[in-house]
file final-v2.tsv (TSV, N, CA and C atoms)
chain	number	residue	atom	x	y	z
A	1	MET	N	-24.02	65.14	52.68
A	1	MET	CA	-24.76	66.23	52.08
A	1	MET	C	-25.69	65.73	50.98
A	2	LEU	N	-25.15	64.84	50.13
A	2	LEU	CA	-25.94	64.30	49.03
A	2	LEU	C	-27.13	63.50	49.56
A	3	ILE	N	-26.90	62.70	50.59
A	3	ILE	CA	-27.97	61.90	51.17
A	3	ILE	C	-29.05	62.81	51.75
A	4	PHE	N	-28.64	63.87	52.38
A	4	PHE	CA	-29.60	64.83	52.94
A	4	PHE	C	-30.48	65.41	51.83
A	5	PHE	N	-29.87	65.78	50.70
A	5	PHE	CA	-30.62	66.34	49.58
A	5	PHE	C	-31.65	65.33	49.06
A	6	TYR	N	-31.22	64.08	48.85
A	6	TYR	CA	-32.15	63.05	48.36
A	6	TYR	C	-33.30	62.84	49.33
A	7	SER	N	-32.96	62.77	50.60
A	7	SER	CA	-33.98	62.56	51.62
A	7	SER	C	-34.98	63.71	51.64
A	8	LEU	N	-34.49	64.91	51.53
A	8	LEU	CA	-35.35	66.09	51.48
A	8	LEU	C	-36.24	66.07	50.24
A	9	LEU	N	-35.66	65.69	49.11
A	9	LEU	CA	-36.42	65.64	47.86
A	9	LEU	C	-37.53	64.61	47.94
A	10	GLN	N	-37.27	63.47	48.58
A	10	GLN	CA	-38.30	62.45	48.74
A	10	GLN	C	-39.50	63.00	49.50
A	11	LYS	N	-39.22	63.73	50.57
A	11	LYS	CA	-40.30	64.28	51.38
A	11	LYS	C	-41.04	65.40	50.64
A	12	MET	N	-40.30	66.18	49.88
A	12	MET	CA	-40.91	67.30	49.15
A	12	MET	C	-41.73	66.84	47.95
A	13	ALA	N	-41.36	65.71	47.36
A	13	ALA	CA	-42.03	65.24	46.15
A	13	ALA	C	-43.53	65.09	46.36
A	14	HIS	N	-43.92	64.60	47.51
A	14	HIS	CA	-45.34	64.42	47.78
A	14	HIS	C	-46.03	65.76	48.02
A	15	ASP	N	-45.47	66.57	48.87
A	15	ASP	CA	-46.10	67.83	49.23
A	15	ASP	C	-46.07	68.86	48.11
A	16	LEU	N	-45.05	68.84	47.27
A	16	LEU	CA	-44.89	69.85	46.23
A	16	LEU	C	-45.07	69.28	44.82
A	17	ARG	N	-45.84	68.22	44.68
A	17	ARG	CA	-45.94	67.58	43.37
A	17	ARG	C	-46.47	68.50	42.28
A	18	THR	N	-47.39	69.42	42.59
A	18	THR	CA	-47.88	70.33	41.55
A	18	THR	C	-46.80	71.34	41.16
A	19	THR	N	-45.94	71.68	42.10
A	19	THR	CA	-44.84	72.60	41.82
A	19	THR	C	-43.73	71.88	41.04
A	20	LEU	N	-43.48	70.63	41.39
A	20	LEU	CA	-42.40	69.88	40.75
A	20	LEU	C	-42.79	69.29	39.40
A	21	SER	N	-44.07	69.11	39.14
A	21	SER	CA	-44.51	68.50	37.88
A	21	SER	C	-43.94	69.16	36.63
A	22	PRO	N	-43.94	70.49	36.54
A	22	PRO	CA	-43.39	71.12	35.33
A	22	PRO	C	-41.89	70.88	35.12
A	23	ILE	N	-41.17	70.56	36.19
A	23	ILE	CA	-39.73	70.32	36.05
A	23	ILE	C	-39.37	68.85	36.21
A	24	TYR	N	-40.37	67.97	36.08
A	24	TYR	CA	-40.16	66.54	36.24
A	24	TYR	C	-39.02	66.03	35.35
A	25	ALA	N	-39.06	66.36	34.07
A	25	ALA	CA	-38.06	65.85	33.13
A	25	ALA	C	-36.64	66.30	33.52
A	26	ASP	N	-36.49	67.55	33.90
A	26	ASP	CA	-35.18	68.05	34.31
A	26	ASP	C	-34.71	67.38	35.59
A	27	LEU	N	-35.61	67.24	36.52
A	27	LEU	CA	-35.28	66.59	37.79
A	27	LEU	C	-34.87	65.13	37.56
A	28	LEU	N	-35.63	64.45	36.71
A	28	LEU	CA	-35.31	63.07	36.38
A	28	LEU	C	-33.92	62.96	35.75
A	29	GLN	N	-33.62	63.85	34.81
A	29	GLN	CA	-32.31	63.83	34.15
A	29	GLN	C	-31.18	64.03	35.17
A	30	LYS	N	-31.37	64.97	36.07
A	30	LYS	CA	-30.35	65.24	37.09
A	30	LYS	C	-30.12	64.01	37.97
A	31	LEU	N	-31.20	63.38	38.40
A	31	LEU	CA	-31.08	62.20	39.26
A	31	LEU	C	-30.45	61.03	38.51
A	32	LEU	N	-30.91	60.79	37.28
A	32	LEU	CA	-30.37	59.68	36.50
A	32	LEU	C	-28.90	59.88	36.16
A	33	SER	N	-28.48	61.12	36.00
A	33	SER	CA	-27.08	61.39	35.65
A	33	SER	C	-26.13	61.01	36.78
A	34	LEU	N	-26.66	60.84	37.98
A	34	LEU	CA	-25.82	60.46	39.12
A	34	LEU	C	-25.57	58.94	39.19
A	35	LEU	N	-26.40	58.17	38.49
A	35	LEU	CA	-26.29	56.71	38.58
A	35	LEU	C	-24.95	56.15	38.09
A	36	PRO	N	-24.39	56.63	36.97
A	36	PRO	CA	-23.11	56.07	36.52
A	36	PRO	C	-21.91	56.49	37.38
A	37	ARG	N	-22.08	57.47	38.22
A	37	ARG	CA	-20.97	57.96	39.04
A	37	ARG	C	-20.70	57.00	40.20
A	38	SER	N	-19.53	57.12	40.74
A	38	SER	CA	-19.15	56.33	41.90
A	38	SER	C	-19.64	57.06	43.15
A	39	ILE	N	-20.68	56.52	43.76
A	39	ILE	CA	-21.21	57.11	44.99
A	39	ILE	C	-21.29	56.01	46.05
A	40	SER	N	-21.35	56.43	47.29
A	40	SER	CA	-21.37	55.47	48.39
A	40	SER	C	-22.67	54.65	48.36
A	41	PRO	N	-22.64	53.44	48.91
A	41	PRO	CA	-23.86	52.62	48.95
A	41	PRO	C	-25.05	53.33	49.64
A	42	PRO	N	-24.84	54.02	50.77
A	42	PRO	CA	-25.99	54.72	51.36
A	42	PRO	C	-26.55	55.81	50.44
A	43	ALA	N	-25.66	56.52	49.74
A	43	ALA	CA	-26.12	57.56	48.81
A	43	ALA	C	-26.87	56.93	47.63
A	44	LEU	N	-26.38	55.79	47.15
A	44	LEU	CA	-27.06	55.09	46.05
A	44	LEU	C	-28.45	54.62	46.48
A	45	THR	N	-28.53	54.06	47.67
A	45	THR	CA	-29.82	53.62	48.20
A	45	THR	C	-30.80	54.79	48.28
A	46	CYS	N	-30.32	55.88	48.78
A	46	CYS	CA	-31.16	57.08	48.92
A	46	CYS	C	-31.55	57.62	47.54
A	47	LEU	N	-30.64	57.57	46.58
A	47	LEU	CA	-30.94	58.01	45.21
A	47	LEU	C	-32.03	57.14	44.60
A	48	LEU	N	-31.96	55.84	44.79
A	48	LEU	CA	-32.98	54.93	44.26
A	48	LEU	C	-34.33	55.18	44.94
A	49	GLU	N	-34.32	55.45	46.23
A	49	GLU	CA	-35.56	55.77	46.94
A	49	GLU	C	-36.14	57.09	46.43
A	50	THR	N	-35.27	58.02	46.09
A	50	THR	CA	-35.73	59.30	45.55
A	50	THR	C	-36.36	59.11	44.18
A	51	LEU	N	-35.73	58.29	43.33
A	51	LEU	CA	-36.34	57.98	42.03
A	51	LEU	C	-37.70	57.33	42.21
A	52	SER	N	-37.79	56.41	43.14
A	52	SER	CA	-39.05	55.74	43.42
A	52	SER	C	-40.12	56.74	43.85
A	53	SER	N	-39.74	57.67	44.71
A	53	SER	CA	-40.68	58.71	45.16
A	53	SER	C	-41.09	59.61	44.01
A	54	LEU	N	-40.14	59.97	43.18
A	54	LEU	CA	-40.43	60.80	42.01
A	54	LEU	C	-41.46	60.12	41.10
A	55	PHE	N	-41.25	58.83	40.86
A	55	PHE	CA	-42.20	58.08	40.03
A	55	PHE	C	-43.55	57.97	40.73
A	56	ARG	N	-43.53	57.66	42.01
A	56	ARG	CA	-44.78	57.44	42.76
A	56	ARG	C	-45.64	58.70	42.83
A	57	TYR	N	-45.02	59.84	43.06
A	57	TYR	CA	-45.80	61.06	43.29
A	57	TYR	C	-45.98	61.94	42.06
A	58	LEU	N	-45.13	61.79	41.05
A	58	LEU	CA	-45.25	62.65	39.87
A	58	LEU	C	-45.60	61.90	38.59
A	59	LEU	N	-44.96	60.77	38.34
A	59	LEU	CA	-45.20	60.05	37.09
A	59	LEU	C	-46.50	59.26	37.12
A	60	ILE	N	-46.68	58.44	38.13
A	60	ILE	CA	-47.84	57.54	38.16
A	60	ILE	C	-49.17	58.31	38.21
A	61	PRO	N	-49.33	59.31	39.06
A	61	PRO	CA	-50.62	60.02	39.08
A	61	PRO	C	-50.90	60.84	37.82
A	62	SER	N	-49.86	61.18	37.05
A	62	SER	CA	-50.07	62.06	35.90
A	62	SER	C	-50.86	61.39	34.78
A	63	VAL	N	-50.75	60.08	34.63
A	63	VAL	CA	-51.40	59.32	33.56
A	63	VAL	C	-51.08	59.94	32.20
A	64	ASN	N	-49.90	60.50	32.08
A	64	ASN	CA	-49.45	61.11	30.83
A	64	ASN	C	-48.54	60.10	30.12
A	65	LEU	N	-49.04	59.52	29.02
A	65	LEU	CA	-48.28	58.48	28.33
A	65	LEU	C	-46.99	59.03	27.73
A	66	VAL	N	-46.98	60.28	27.33
A	66	VAL	CA	-45.77	60.90	26.80
A	66	VAL	C	-44.70	60.97	27.89
A	67	LEU	N	-45.13	61.25	29.10
A	67	LEU	CA	-44.20	61.31	30.22
A	67	LEU	C	-43.60	59.93	30.52
A	68	VAL	N	-44.42	58.90	30.41
A	68	VAL	CA	-43.93	57.54	30.59
A	68	VAL	C	-42.89	57.23	29.52
A	69	ASP	N	-43.18	57.61	28.29
A	69	ASP	CA	-42.27	57.40	27.16
A	69	ASP	C	-40.95	58.14	27.40
A	70	GLN	N	-41.02	59.38	27.81
A	70	GLN	CA	-39.82	60.18	28.06
A	70	GLN	C	-39.01	59.59	29.22
A	71	THR	N	-39.70	59.10	30.23
A	71	THR	CA	-39.01	58.52	31.38
A	71	THR	C	-38.24	57.27	30.97
A	72	TRP	N	-38.89	56.39	30.20
A	72	TRP	CA	-38.22	55.17	29.77
A	72	TRP	C	-37.03	55.50	28.86
A	73	ASP	N	-37.20	56.47	27.96
A	73	ASP	CA	-36.09	56.88	27.09
A	73	ASP	C	-34.91	57.38	27.91
A	74	ALA	N	-35.19	58.17	28.94
A	74	ALA	CA	-34.13	58.69	29.81
A	74	ALA	C	-33.42	57.56	30.54
A	75	ILE	N	-34.18	56.60	31.01
A	75	ILE	CA	-33.59	55.44	31.70
A	75	ILE	C	-32.72	54.65	30.72
A	76	CYS	N	-33.22	54.45	29.50
A	76	CYS	CA	-32.47	53.69	28.49
A	76	CYS	C	-31.16	54.37	28.10
A	77	GLN	N	-31.12	55.67	28.17
A	77	GLN	CA	-29.89	56.39	27.83
A	77	GLN	C	-28.83	56.26	28.92
A	78	VAL	N	-29.26	56.18	30.17
A	78	VAL	CA	-28.32	56.17	31.29
A	78	VAL	C	-27.87	54.77	31.69
A	79	LEU	N	-28.77	53.81	31.68
A	79	LEU	CA	-28.44	52.49	32.21
A	79	LEU	C	-27.25	51.80	31.54
A	80	PRO	N	-27.04	51.91	30.23
A	80	PRO	CA	-25.87	51.25	29.64
A	80	PRO	C	-24.54	51.74	30.23
A	81	LYS	N	-24.53	52.90	30.82
A	81	LYS	CA	-23.31	53.46	31.42
A	81	LYS	C	-23.09	52.97	32.85
A	82	CYS	N	-24.05	52.23	33.38
A	82	CYS	CA	-24.02	51.81	34.79
A	82	CYS	C	-23.57	50.36	34.93
A	83	HIS	N	-23.06	50.03	36.11
A	83	HIS	CA	-22.72	48.64	36.44
A	83	HIS	C	-24.00	47.80	36.47
A	84	GLY	N	-23.83	46.50	36.29
A	84	GLY	CA	-24.96	45.59	36.27
A	84	GLY	C	-25.81	45.63	37.53
A	85	GLU	N	-25.16	45.78	38.69
A	85	GLU	CA	-25.90	45.82	39.95
A	85	GLU	C	-26.79	47.06	40.03
A	86	ILE	N	-26.28	48.15	39.51
A	86	ILE	CA	-27.07	49.40	39.52
A	86	ILE	C	-28.20	49.28	38.51
A	87	GLN	N	-27.93	48.67	37.35
A	87	GLN	CA	-29.00	48.45	36.37
A	87	GLN	C	-30.12	47.62	36.99
A	88	ARG	N	-29.75	46.60	37.72
A	88	ARG	CA	-30.75	45.74	38.34
A	88	ARG	C	-31.55	46.50	39.40
A	89	ALA	N	-30.87	47.32	40.19
A	89	ALA	CA	-31.56	48.10	41.22
A	89	ALA	C	-32.55	49.08	40.60
A	90	VAL	N	-32.14	49.75	39.52
A	90	VAL	CA	-33.04	50.67	38.83
A	90	VAL	C	-34.21	49.90	38.21
A	91	ALA	N	-33.92	48.71	37.70
A	91	ALA	CA	-34.98	47.87	37.13
A	91	ALA	C	-36.01	47.50	38.20
A	92	GLU	N	-35.56	47.27	39.43
A	92	GLU	CA	-36.49	46.98	40.51
A	92	GLU	C	-37.38	48.19	40.79
A	93	VAL	N	-36.78	49.38	40.77
A	93	VAL	CA	-37.57	50.61	40.98
A	93	VAL	C	-38.59	50.75	39.85
A	94	TRP	N	-38.17	50.52	38.61
A	94	TRP	CA	-39.09	50.64	37.47
A	94	TRP	C	-40.16	49.55	37.53
A	95	GLY	N	-39.81	48.35	37.96
A	95	GLY	CA	-40.80	47.28	38.11
A	95	GLY	C	-41.85	47.64	39.14
A	96	SER	N	-41.42	48.24	40.22
A	96	SER	CA	-42.36	48.72	41.24
A	96	SER	C	-43.28	49.78	40.67
A	97	CYS	N	-42.72	50.64	39.85
A	97	CYS	CA	-43.52	51.68	39.19
A	97	CYS	C	-44.55	51.06	38.25
A	98	LEU	N	-44.14	50.03	37.52
A	98	LEU	CA	-45.06	49.34	36.60
A	98	LEU	C	-46.27	48.79	37.35
A	99	ARG	N	-46.02	48.21	38.51
A	99	ARG	CA	-47.13	47.65	39.31
A	99	ARG	C	-48.14	48.70	39.71
A	100	ARG	N	-47.67	49.91	39.96
A	100	ARG	CA	-48.55	50.96	40.47
A	100	ARG	C	-49.28	51.75	39.38
A	101	MET	N	-48.81	51.63	38.15
A	101	MET	CA	-49.42	52.39	37.06
A	101	MET	C	-50.84	51.92	36.77
A	102	LYS	N	-51.64	52.83	36.27
A	102	LYS	CA	-52.98	52.46	35.80
A	102	LYS	C	-52.83	51.64	34.53
A	103	ARG	N	-53.87	50.90	34.19
A	103	ARG	CA	-53.82	49.92	33.11
A	103	ARG	C	-53.25	50.47	31.81
A	104	GLU	N	-53.76	51.57	31.33
A	104	GLU	CA	-53.31	52.11	30.04
A	104	GLU	C	-51.84	52.51	30.08
A	105	ALA	N	-51.43	53.16	31.14
A	105	ALA	CA	-50.03	53.56	31.28
A	105	ALA	C	-49.13	52.34	31.41
A	106	ARG	N	-49.59	51.32	32.16
A	106	ARG	CA	-48.81	50.10	32.34
A	106	ARG	C	-48.63	49.37	31.01
A	107	GLU	N	-49.70	49.28	30.23
A	107	GLU	CA	-49.60	48.63	28.92
A	107	GLU	C	-48.61	49.37	28.03
A	108	ASN	N	-48.67	50.69	28.05
A	108	ASN	CA	-47.74	51.50	27.27
A	108	ASN	C	-46.30	51.28	27.75
A	109	ALA	N	-46.10	51.29	29.05
A	109	ALA	CA	-44.76	51.12	29.62
A	109	ALA	C	-44.18	49.74	29.29
A	110	VAL	N	-45.00	48.71	29.35
A	110	VAL	CA	-44.53	47.36	29.04
A	110	VAL	C	-44.20	47.25	27.55
A	111	THR	N	-44.99	47.87	26.71
A	111	THR	CA	-44.69	47.88	25.27
A	111	THR	C	-43.36	48.58	25.01
A	112	LEU	N	-43.15	49.71	25.67
A	112	LEU	CA	-41.88	50.42	25.54
A	112	LEU	C	-40.73	49.54	26.03
A	113	LEU	N	-40.95	48.87	27.13
A	113	LEU	CA	-39.94	48.00	27.71
A	113	LEU	C	-39.54	46.90	26.72
A	114	ALA	N	-40.53	46.34	26.04
A	114	ALA	CA	-40.26	45.27	25.08
A	114	ALA	C	-39.63	45.79	23.78
A	115	ASP	N	-40.07	46.96	23.34
A	115	ASP	CA	-39.61	47.50	22.06
A	115	ASP	C	-38.26	48.20	22.12
A	116	ARG	N	-37.94	48.79	23.25
A	116	ARG	CA	-36.74	49.64	23.34
A	116	ARG	C	-35.78	49.16	24.41
A	117	THR	N	-35.35	47.93	24.29
A	117	THR	CA	-34.41	47.43	25.30
A	117	THR	C	-32.98	47.83	24.99
A	118	GLY	N	-32.62	47.90	23.71
A	118	GLY	CA	-31.27	48.31	23.35
A	118	GLY	C	-30.21	47.50	24.07
A	119	ASP	N	-29.34	48.20	24.81
A	119	ASP	CA	-28.23	47.56	25.51
A	119	ASP	C	-28.58	47.14	26.93
A	120	ILE	N	-29.85	47.20	27.28
A	120	ILE	CA	-30.23	46.90	28.67
A	120	ILE	C	-31.27	45.77	28.74
A	121	GLU	N	-31.02	44.72	27.95
A	121	GLU	CA	-31.96	43.60	27.92
A	121	GLU	C	-32.14	42.97	29.31
A	122	ASP	N	-31.02	42.78	30.02
A	122	ASP	CA	-31.10	42.17	31.36
A	122	ASP	C	-31.92	43.03	32.32
A	123	ALA	N	-31.69	44.33	32.28
A	123	ALA	CA	-32.44	45.23	33.17
A	123	ALA	C	-33.92	45.24	32.81
A	124	SER	N	-34.21	45.20	31.52
A	124	SER	CA	-35.61	45.18	31.08
A	124	SER	C	-36.30	43.90	31.56
A	125	ALA	N	-35.61	42.79	31.40
A	125	ALA	CA	-36.18	41.52	31.86
A	125	ALA	C	-36.37	41.54	33.38
A	126	TRP	N	-35.39	42.08	34.11
A	126	TRP	CA	-35.49	42.13	35.56
A	126	TRP	C	-36.66	43.00	35.99
A	127	ALA	N	-36.91	44.11	35.28
A	127	ALA	CA	-38.04	44.98	35.63
A	127	ALA	C	-39.36	44.20	35.51
A	128	LEU	N	-39.50	43.41	34.46
A	128	LEU	CA	-40.72	42.61	34.30
A	128	LEU	C	-40.82	41.53	35.37
A	129	VAL	N	-39.71	40.86	35.64
A	129	VAL	CA	-39.70	39.83	36.67
A	129	VAL	C	-40.09	40.43	38.02
A	130	PHE	N	-39.48	41.56	38.36
A	130	PHE	CA	-39.78	42.18	39.64
A	130	PHE	C	-41.23	42.64	39.71
A	131	ALA	N	-41.74	43.20	38.62
A	131	ALA	CA	-43.14	43.65	38.60
A	131	ALA	C	-44.10	42.49	38.82
A	132	CYS	N	-43.79	41.37	38.22
A	132	CYS	CA	-44.68	40.20	38.34
A	132	CYS	C	-44.43	39.44	39.64
A	133	LYS	N	-43.19	39.36	40.07
A	133	LYS	CA	-42.83	38.59	41.26
A	133	LYS	C	-43.58	39.07	42.49
A	134	VAL	N	-43.63	40.33	42.70
A	134	VAL	CA	-44.29	40.87	43.89
A	134	VAL	C	-45.79	40.63	43.80
A	135	CYS	N	-46.36	40.74	42.61
A	135	CYS	CA	-47.79	40.52	42.45
A	135	CYS	C	-48.15	39.07	42.74
A	136	ILE	N	-47.30	38.15	42.32
A	136	ILE	CA	-47.57	36.72	42.51
A	136	ILE	C	-47.56	36.36	43.99
A	137	TYR	N	-46.60	36.92	44.73
A	137	TYR	CA	-46.43	36.53	46.11
A	137	TYR	C	-47.15	37.43	47.11
A	138	SER	N	-47.81	38.47	46.65
A	138	SER	CA	-48.52	39.32	47.58
A	138	SER	C	-49.82	38.65	48.02
A	139	SER	N	-50.25	38.94	49.22
A	139	SER	CA	-51.48	38.33	49.72
A	139	SER	C	-52.69	39.05	49.13
A	140	PRO	N	-53.79	38.33	48.95
A	140	PRO	CA	-54.99	38.95	48.34
A	140	PRO	C	-55.65	39.95	49.22

call {"tool": "encode", "arguments": {"input": "final-v2.tsv", "output": "structure tokens"}}
result
Amino acid sequence: MLIFFYSLLQKMAHDLRTTLSPIYADLLQKLLSLLPRSISPPALTCLLETLSSLFRYLLIPSVNLVLVDQTWDAICQVLPKCHGEIQRAVAEVWGSCLRRMKREARENAVTLLADRTGDIEDASAWALVFACKVCIYSSP
């Protein structure tokens, strides 16, 4: 049931982005609150894909620096409660998001990443590594 919901949300995020934009913060909180829980690997994979879709269709196109700030703060609050493997997986999703952001938003996000690592230094470093790794090895 949970996997079905995530899958449906991924598909709806693109089509209903103007409808979902006003509730982005609430939706993000709900999704992030599931990360520390014990869920099956397929459900976790689907949850991470849903977060990626949420970022791709709602956060990145918005070019709202406050929204980027709020998103990183929300991630920083939840990740310390998660296992290292989950922190790394979320860091990969955030690194992918960093690559897709426009220059100003990306600069802001990287500054936030450097300034507000708190208890998630490894995840912050992994997000930067993942963001740069794919760019280095991608074909021109």

call {"tool": "closest_residue", "arguments": {"input": "final-v2.tsv", "among": "A:Leu35, A:Val129, A:Ile60, A:Leu79", "to": "Lys102 of chain A", "atoms": "only N, CA and C atoms"}}
result
A:Ile60

call {"tool": "atom_distance", "arguments": {"input": "final-v2.tsv", "atom1": "atom N of Thr50 of chain A", "atom2": "atom C of Thr71 of chain A"}}
result
15.4 Å

call {"tool": "atom_distance", "arguments": {"input": "final-v2.tsv", "atom1": "atom CA of Glu92 of chain A", "atom2": "atom C of Ala123 of chain A"}}
result
8.3 Å

call {"tool": "atom_distance", "arguments": {"input": "final-v2.tsv", "atom1": "atom CA of Leu48 of chain A", "atom2": "atom C of Ala89 of chain A"}}
result
6.9 Å

call {"tool": "residues_near_point", "arguments": {"input": "final-v2.tsv", "point": "(-39.6, 56.0, 41.8)", "cutoff": "12 Å", "atoms": "only C-alpha atoms", "output": "PyMOL selection string"}}
result
chain A and resi 9-10+13-14+24+28+31-32+45-60+71+75+89-101

call {"tool": "write_last_selection", "arguments": {"input": "final-v2.tsv", "atoms": "N, CA and C atoms", "output": "mmCIF file, keeping the file's coordinate frame"}}
result
data_model
loop_
_atom_site.group_PDB
_atom_site.id
_atom_site.type_symbol
_atom_site.label_atom_id
_atom_site.label_comp_id
_atom_site.auth_asym_id
_atom_site.auth_seq_id
_atom_site.Cartn_x
_atom_site.Cartn_y
_atom_site.Cartn_z
ATOM 1 N N LEU A 9 -35.660 65.690 49.110
ATOM 2 C CA LEU A 9 -36.420 65.640 47.860
ATOM 3 C C LEU A 9 -37.530 64.610 47.940
ATOM 4 N N GLN A 10 -37.270 63.470 48.580
ATOM 5 C CA GLN A 10 -38.300 62.450 48.740
ATOM 6 C C GLN A 10 -39.500 63.000 49.500
ATOM 7 N N ALA A 13 -41.360 65.710 47.360
ATOM 8 C CA ALA A 13 -42.030 65.240 46.150
ATOM 9 C C ALA A 13 -43.530 65.090 46.360
ATOM 10 N N HIS A 14 -43.920 64.600 47.510
ATOM 11 C CA HIS A 14 -45.340 64.420 47.780
ATOM 12 C C HIS A 14 -46.030 65.760 48.020
ATOM 13 N N TYR A 24 -40.370 67.970 36.080
ATOM 14 C CA TYR A 24 -40.160 66.540 36.240
ATOM 15 C C TYR A 24 -39.020 66.030 35.350
ATOM 16 N N LEU A 28 -35.630 64.450 36.710
ATOM 17 C CA LEU A 28 -35.310 63.070 36.380
ATOM 18 C C LEU A 28 -33.920 62.960 35.750
ATOM 19 N N LEU A 31 -31.200 63.380 38.400
ATOM 20 C CA LEU A 31 -31.080 62.200 39.260
ATOM 21 C C LEU A 31 -30.450 61.030 38.510
ATOM 22 N N LEU A 32 -30.910 60.790 37.280
ATOM 23 C CA LEU A 32 -30.370 59.680 36.500
ATOM 24 C C LEU A 32 -28.900 59.880 36.160
ATOM 25 N N THR A 45 -28.530 54.060 47.670
ATOM 26 C CA THR A 45 -29.820 53.620 48.200
ATOM 27 C C THR A 45 -30.800 54.790 48.280
ATOM 28 N N CYS A 46 -30.320 55.880 48.780
ATOM 29 C CA CYS A 46 -31.160 57.080 48.920
ATOM 30 C C CYS A 46 -31.550 57.620 47.540
ATOM 31 N N LEU A 47 -30.640 57.570 46.580
ATOM 32 C CA LEU A 47 -30.940 58.010 45.210
ATOM 33 C C LEU A 47 -32.030 57.140 44.600
ATOM 34 N N LEU A 48 -31.960 55.840 44.790
ATOM 35 C CA LEU A 48 -32.980 54.930 44.260
ATOM 36 C C LEU A 48 -34.330 55.180 44.940
ATOM 37 N N GLU A 49 -34.320 55.450 46.230
ATOM 38 C CA GLU A 49 -35.560 55.770 46.940
ATOM 39 C C GLU A 49 -36.140 57.090 46.430
ATOM 40 N N THR A 50 -35.270 58.020 46.090
ATOM 41 C CA THR A 50 -35.730 59.300 45.550
ATOM 42 C C THR A 50 -36.360 59.110 44.180
ATOM 43 N N LEU A 51 -35.730 58.290 43.330
ATOM 44 C CA LEU A 51 -36.340 57.980 42.030
ATOM 45 C C LEU A 51 -37.700 57.330 42.210
ATOM 46 N N SER A 52 -37.790 56.410 43.140
ATOM 47 C CA SER A 52 -39.050 55.740 43.420
ATOM 48 C C SER A 52 -40.120 56.740 43.850
ATOM 49 N N SER A 53 -39.740 57.670 44.710
ATOM 50 C CA SER A 53 -40.680 58.710 45.160
ATOM 51 C C SER A 53 -41.090 59.610 44.010
ATOM 52 N N LEU A 54 -40.140 59.970 43.180
ATOM 53 C CA LEU A 54 -40.430 60.800 42.010
ATOM 54 C C LEU A 54 -41.460 60.120 41.100
ATOM 55 N N PHE A 55 -41.250 58.830 40.860
ATOM 56 C CA PHE A 55 -42.200 58.080 40.030
ATOM 57 C C PHE A 55 -43.550 57.970 40.730
ATOM 58 N N ARG A 56 -43.530 57.660 42.010
ATOM 59 C CA ARG A 56 -44.780 57.440 42.760
ATOM 60 C C ARG A 56 -45.640 58.700 42.830
ATOM 61 N N TYR A 57 -45.020 59.840 43.060
ATOM 62 C CA TYR A 57 -45.800 61.060 43.290
ATOM 63 C C TYR A 57 -45.980 61.940 42.060
ATOM 64 N N LEU A 58 -45.130 61.790 41.050
ATOM 65 C CA LEU A 58 -45.250 62.650 39.870
ATOM 66 C C LEU A 58 -45.600 61.900 38.590
ATOM 67 N N LEU A 59 -44.960 60.770 38.340
ATOM 68 C CA LEU A 59 -45.200 60.050 37.090
ATOM 69 C C LEU A 59 -46.500 59.260 37.120
ATOM 70 N N ILE A 60 -46.680 58.440 38.130
ATOM 71 C CA ILE A 60 -47.840 57.540 38.160
ATOM 72 C C ILE A 60 -49.170 58.310 38.210
ATOM 73 N N THR A 71 -39.700 59.100 30.230
ATOM 74 C CA THR A 71 -39.010 58.520 31.380
ATOM 75 C C THR A 71 -38.240 57.270 30.970
ATOM 76 N N ILE A 75 -34.180 56.600 31.010
ATOM 77 C CA ILE A 75 -33.590 55.440 31.700
ATOM 78 C C ILE A 75 -32.720 54.650 30.720
ATOM 79 N N ALA A 89 -30.870 47.320 40.190
ATOM 80 C CA ALA A 89 -31.560 48.100 41.220
ATOM 81 C C ALA A 89 -32.550 49.080 40.600
ATOM 82 N N VAL A 90 -32.140 49.750 39.520
ATOM 83 C CA VAL A 90 -33.040 50.670 38.830
ATOM 84 C C VAL A 90 -34.210 49.900 38.210
ATOM 85 N N ALA A 91 -33.920 48.710 37.700
ATOM 86 C CA ALA A 91 -34.980 47.870 37.130
ATOM 87 C C ALA A 91 -36.010 47.500 38.200
ATOM 88 N N GLU A 92 -35.560 47.270 39.430
ATOM 89 C CA GLU A 92 -36.490 46.980 40.510
ATOM 90 C C GLU A 92 -37.380 48.190 40.790
ATOM 91 N N VAL A 93 -36.780 49.380 40.770
ATOM 92 C CA VAL A 93 -37.570 50.610 40.980
ATOM 93 C C VAL A 93 -38.590 50.750 39.850
ATOM 94 N N TRP A 94 -38.170 50.520 38.610
ATOM 95 C CA TRP A 94 -39.090 50.640 37.470
ATOM 96 C C TRP A 94 -40.160 49.550 37.530
ATOM 97 N N GLY A 95 -39.810 48.350 37.960
ATOM 98 C CA GLY A 95 -40.800 47.280 38.110
ATOM 99 C C GLY A 95 -41.850 47.640 39.140
ATOM 100 N N SER A 96 -41.420 48.240 40.220
ATOM 101 C CA SER A 96 -42.360 48.720 41.240
ATOM 102 C C SER A 96 -43.280 49.780 40.670
ATOM 103 N N CYS A 97 -42.720 50.640 39.850
ATOM 104 C CA CYS A 97 -43.520 51.680 39.190
ATOM 105 C C CYS A 97 -44.550 51.060 38.250
ATOM 106 N N LEU A 98 -44.140 50.030 37.520
ATOM 107 C CA LEU A 98 -45.060 49.340 36.600
ATOM 108 C C LEU A 98 -46.270 48.790 37.350
ATOM 109 N N ARG A 99 -46.020 48.210 38.510
ATOM 110 C CA ARG A 99 -47.130 47.650 39.310
ATOM 111 C C ARG A 99 -48.140 48.700 39.710
ATOM 112 N N ARG A 100 -47.670 49.910 39.960
ATOM 113 C CA ARG A 100 -48.550 50.960 40.470
ATOM 114 C C ARG A 100 -49.280 51.750 39.380
ATOM 115 N N MET A 101 -48.810 51.630 38.150
ATOM 116 C CA MET A 101 -49.420 52.390 37.060
ATOM 117 C C MET A 101 -50.840 51.920 36.770
#

call {"tool": "select_by_dssp", "arguments": {"input": "final-v2.tsv", "residues": "chain A", "states": "helix (DSSP H, G or I)", "output": "MDAnalysis selection string"}}
result
chainID A and resid 2:15 17:33 41:62 65:81 84:100 103:115 121:137

call {"tool": "residues_around", "arguments": {"input": "final-v2.tsv", "residues": "Leu113 of chain A", "least_positions_apart": "5", "cutoff": "10 Å", "atoms": "only C-alpha atoms", "output": "count of residues only"}}
result
14
